[in-house]
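Reviewing the structure listed below.
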Amino acid sequence: MEETGKQQHEIFLELRQRLESGLLILRKDVAHSPTEVKVFGSDSSLLIQTSRGLWRAELPPKVSVVPGSCQPTPTGDAGEGLHFRLRLRVDQQTESRGSVIERIQVQQCYGFCCQACGSRILEQRVFQRVLPLPSGDWNTLVGEWCCHADPFANRKLLPRTEDCLTGDTYFLVARDNSCNQTLTVEPDPTSAACTAANHSQDSEKPRHVHRTPVNEVSCKNCSSMLGEALTGDALKFYITEVMEIESEDCETKRSWKRLEFVEKTLSARLVELSSGQSIFRFSIQAPTGKTAILLWLLNTDTLVASFPENPVTGNGTLISPGDSRCPDEHQSRLAVSAVKVLYLPCSSSIHQDIVSAWEKDISVHNLTLPHTTCQEVLQLLSASTSCLPPSLRCMNSYQESSLESFSIVLLDPGFISRGLGPHERSRED
């Protein structure tokens, strides 16, 4: 994390497809005056030229920059560099690949692998029913709706043999005999202690659901935690820990690094929940119910490109005049789709008043992830924030970031998220 935080970026580009506008920031040592900068575009790219060299941001199809629209704008931080505003022409917005929750279909053959090691954990099976589960608090809400005894008290919604039941961040499937060879089930030593500790603290949290101790499901090959055993016949897998496959080879999807996989999976779910249920505020929690991160989704139509200080041949970042490594063709950065978020880490009690208010707010949606994955998400967000220009890093108590939502592999996962600066917020509201 420290090394990520130290990494400097000479040029930062953020494009908003719905607003058809963009922000370009050049560090002060790249260009001292707007007169030193030439910005021009084509149907497929945006070129930025200064006395130091030439940079190119490759744009998605049907997205282009309006010629002559790039204009310098004042910035509140004179030491940050030059700011430019530009206009876009968007004939078709980019679309991101859906999560496994959206991809699983009936009458299709699927297998599942451990994301950490690639070992197959569930044999190929064809689902006859793929059904969405109600929200995590459905049992509590039913008790409030019923004017008589709750008919669903202490009952769970469990899958049948050929069912797949999907939640927000997990899916339920029936256990078969092959699981004995690939999975390990044992009590989670932290769940009972954390549940007991939370019980005395949460009497004023009406939305909190107290959990009973759970049995943890792990990969027998690498011991990575994958989910929970709800009963002897039903298993719960988190979508950040397993990969679905339609072929026999798990290795193709393992080409994604761990943080990349978490990033793409979570961002896809944020897009799906916001577009399908109009949910924009999320509380990312561990299985014990402890809040790890408060996350506010701002938009899902952003394109971003960043140019590091020390380019590497092959990544396509900086072109110096007369560079013999690329005499006939510009090297470039691809502008990738991102979801823009504000987030607040909840590891300490500094913002406990904000956490308490969100926990009591019915418009906030809980997303449960394994404890280690919550830490990985925070690592992703922090790394992304550290790569932003200073003016875009925070707003009030919240830090700004974004998660990459497009199915493109980045060699540097620090560029996934992009945030909204205080001077931009009022304009878009």
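Chain labels run A, B, ... following the order of the structure tokens; each chain numbers its residues from 1, and ligands are numbered from 1 in the order shown.
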
* Near-Cys374 of chain A list (9 Å; only C-alpha atoms; drop same-chain fewer than 3 positions) as a VMD selection string -> chain A and resid 284 to 286 292 to 293 368 to 371 377 to 379

* Non-local contacts of segment 43-49 of chain A (12 Å; only C-alpha atoms; under 2 positions in same chain excluded) as a PyMOL selection string -> chain A and resi 10-15+22+24-26+30-31+34-41+51-70+84+86-91+305+307+317-321+330-335

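Remark: for Leu259 of chain A, the closest of the candidate residues A:Leu381, A:Leu23, A:Ile121, A:Met395 is A:Leu381 (distances computed over only C-alpha atoms).
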
Counting only C-alpha atoms, what are the residues of segment 72-177 of chain A within 6 Å of segment 223-242 of chain A, and for each of them which pair of atoms is the nearest and at what distance in Å, to one decimal? Sort the table by chain and rising number, as a tab-separated table.
residue	atom	partner	partner_atom	distance
A:Cys113	CA	A:Val242	CA	5.6
A:Cys114	CA	A:Val242	CA	4.8
A:Gln115	CA	A:Val242	CA	4.8
A:Thr169	CA	A:Ile239	CA	5.8
A:Tyr170	CA	A:Tyr238	CA	4.2
A:Phe171	CA	A:Phe237	CA	5.6
A:Leu172	CA	A:Lys236	CA	4.6
A:Val173	CA	A:Leu235	CA	5.5
A:Ala174	CA	A:Ala234	CA	4.6
A:Arg175	CA	A:Asp233	CA	5.0

* Looking at A:His83, A:Asn221, A:Trp358, A:His9, which one is nearest to Ser384 of chain A, with distances taken over only C-alpha atoms? -> A:His9

Who sits within 10 Å of Glu80 of chain A, only C-alpha atoms, same chain under 3 positions skipped, as a PDB file with N, CA, C and O atoms, in the first residue's frame:
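Result saved to result.pdb:
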ATOM      1  N   ILE A  25      -6.410  16.515 -16.224  1.00  0.00           N
ATOM      2  CA  ILE A  25      -5.501  17.155 -15.277  1.00  0.00           C
ATOM      3  C   ILE A  25      -4.070  16.784 -15.654  1.00  0.00           C
ATOM      4  O   ILE A  25      -3.735  15.597 -15.754  1.00  0.00           O
ATOM      5  N   LEU A  26      -3.240  17.794 -15.844  1.00  0.00           N
ATOM      6  CA  LEU A  26      -1.824  17.602 -16.131  1.00  0.00           C
ATOM      7  C   LEU A  26      -1.013  18.100 -14.947  1.00  0.00           C
ATOM      8  O   LEU A  26      -1.220  19.228 -14.475  1.00  0.00           O
ATOM      9  N   ARG A  27      -0.113  17.265 -14.457  1.00  0.00           N
ATOM     10  CA  ARG A  27       0.726  17.675 -13.349  1.00  0.00           C
ATOM     11  C   ARG A  27       1.573  18.877 -13.750  1.00  0.00           C
ATOM     12  O   ARG A  27       1.922  19.041 -14.933  1.00  0.00           O
ATOM     13  N   LYS A  28       1.928  19.710 -12.792  1.00  0.00           N
ATOM     14  CA  LYS A  28       2.561  20.999 -13.118  1.00  0.00           C
ATOM     15  C   LYS A  28       3.912  20.853 -13.806  1.00  0.00           C
ATOM     16  O   LYS A  28       4.339  21.759 -14.523  1.00  0.00           O
ATOM     17  N   ASP A  29       4.592  19.720 -13.607  1.00  0.00           N
ATOM     18  CA  ASP A  29       5.878  19.564 -14.286  1.00  0.00           C
ATOM     19  C   ASP A  29       5.721  19.014 -15.703  1.00  0.00           C
ATOM     20  O   ASP A  29       6.687  18.957 -16.460  1.00  0.00           O
ATOM     21  N   THR A  75      -8.327  26.161 -11.071  1.00  0.00           N
ATOM     22  CA  THR A  75      -8.321  25.131 -10.042  1.00  0.00           C
ATOM     23  C   THR A  75      -8.030  25.756  -8.695  1.00  0.00           C
ATOM     24  O   THR A  75      -7.301  26.749  -8.606  1.00  0.00           O
ATOM     25  N   GLY A  76      -8.618  25.178  -7.651  1.00  0.00           N
ATOM     26  CA  GLY A  76      -8.414  25.716  -6.313  1.00  0.00           C
ATOM     27  C   GLY A  76      -7.033  25.432  -5.759  1.00  0.00           C
ATOM     28  O   GLY A  76      -6.582  26.092  -4.832  1.00  0.00           O
ATOM     29  N   ASP A  77      -6.338  24.454  -6.330  1.00  0.00           N
ATOM     30  CA  ASP A  77      -5.007  24.088  -5.854  1.00  0.00           C
ATOM     31  C   ASP A  77      -4.004  24.423  -6.947  1.00  0.00           C
ATOM     32  O   ASP A  77      -3.828  23.680  -7.912  1.00  0.00           O
ATOM     33  N   HIS A  83      -5.842  22.181 -15.247  1.00  0.00           N
ATOM     34  CA  HIS A  83      -7.128  21.514 -15.412  1.00  0.00           C
ATOM     35  C   HIS A  83      -7.747  21.959 -16.736  1.00  0.00           C
ATOM     36  O   HIS A  83      -7.754  23.147 -17.067  1.00  0.00           O
ATOM     37  N   PRO A 389      -5.546  12.725  -8.396  1.00  0.00           N
ATOM     38  CA  PRO A 389      -5.061  14.074  -8.087  1.00  0.00           C
ATOM     39  C   PRO A 389      -5.610  14.506  -6.728  1.00  0.00           C
ATOM     40  O   PRO A 389      -6.719  14.125  -6.347  1.00  0.00           O
ATOM     41  N   PRO A 390      -4.867  15.291  -5.972  1.00  0.00           N
ATOM     42  CA  PRO A 390      -5.284  15.656  -4.610  1.00  0.00           C
ATOM     43  C   PRO A 390      -6.678  16.256  -4.525  1.00  0.00           C
ATOM     44  O   PRO A 390      -7.408  16.006  -3.561  1.00  0.00           O
ATOM     45  N   SER A 391      -7.080  17.058  -5.503  1.00  0.00           N
ATOM     46  CA  SER A 391      -8.388  17.725  -5.427  1.00  0.00           C
ATOM     47  C   SER A 391      -9.551  16.761  -5.582  1.00  0.00           C
ATOM     48  O   SER A 391     -10.695  17.133  -5.316  1.00  0.00           O
TER      49      SER A 391
END

* Counting only C-alpha atoms, what is within 12 Å of Arg269 of chain A, bar same-chain residues fewer than 5 positions away, as a PyMOL selection string? -> chain A and resi 96-103+167-170+239-240+262-264+274-277+279-280+282+297+300+339+367+403-405
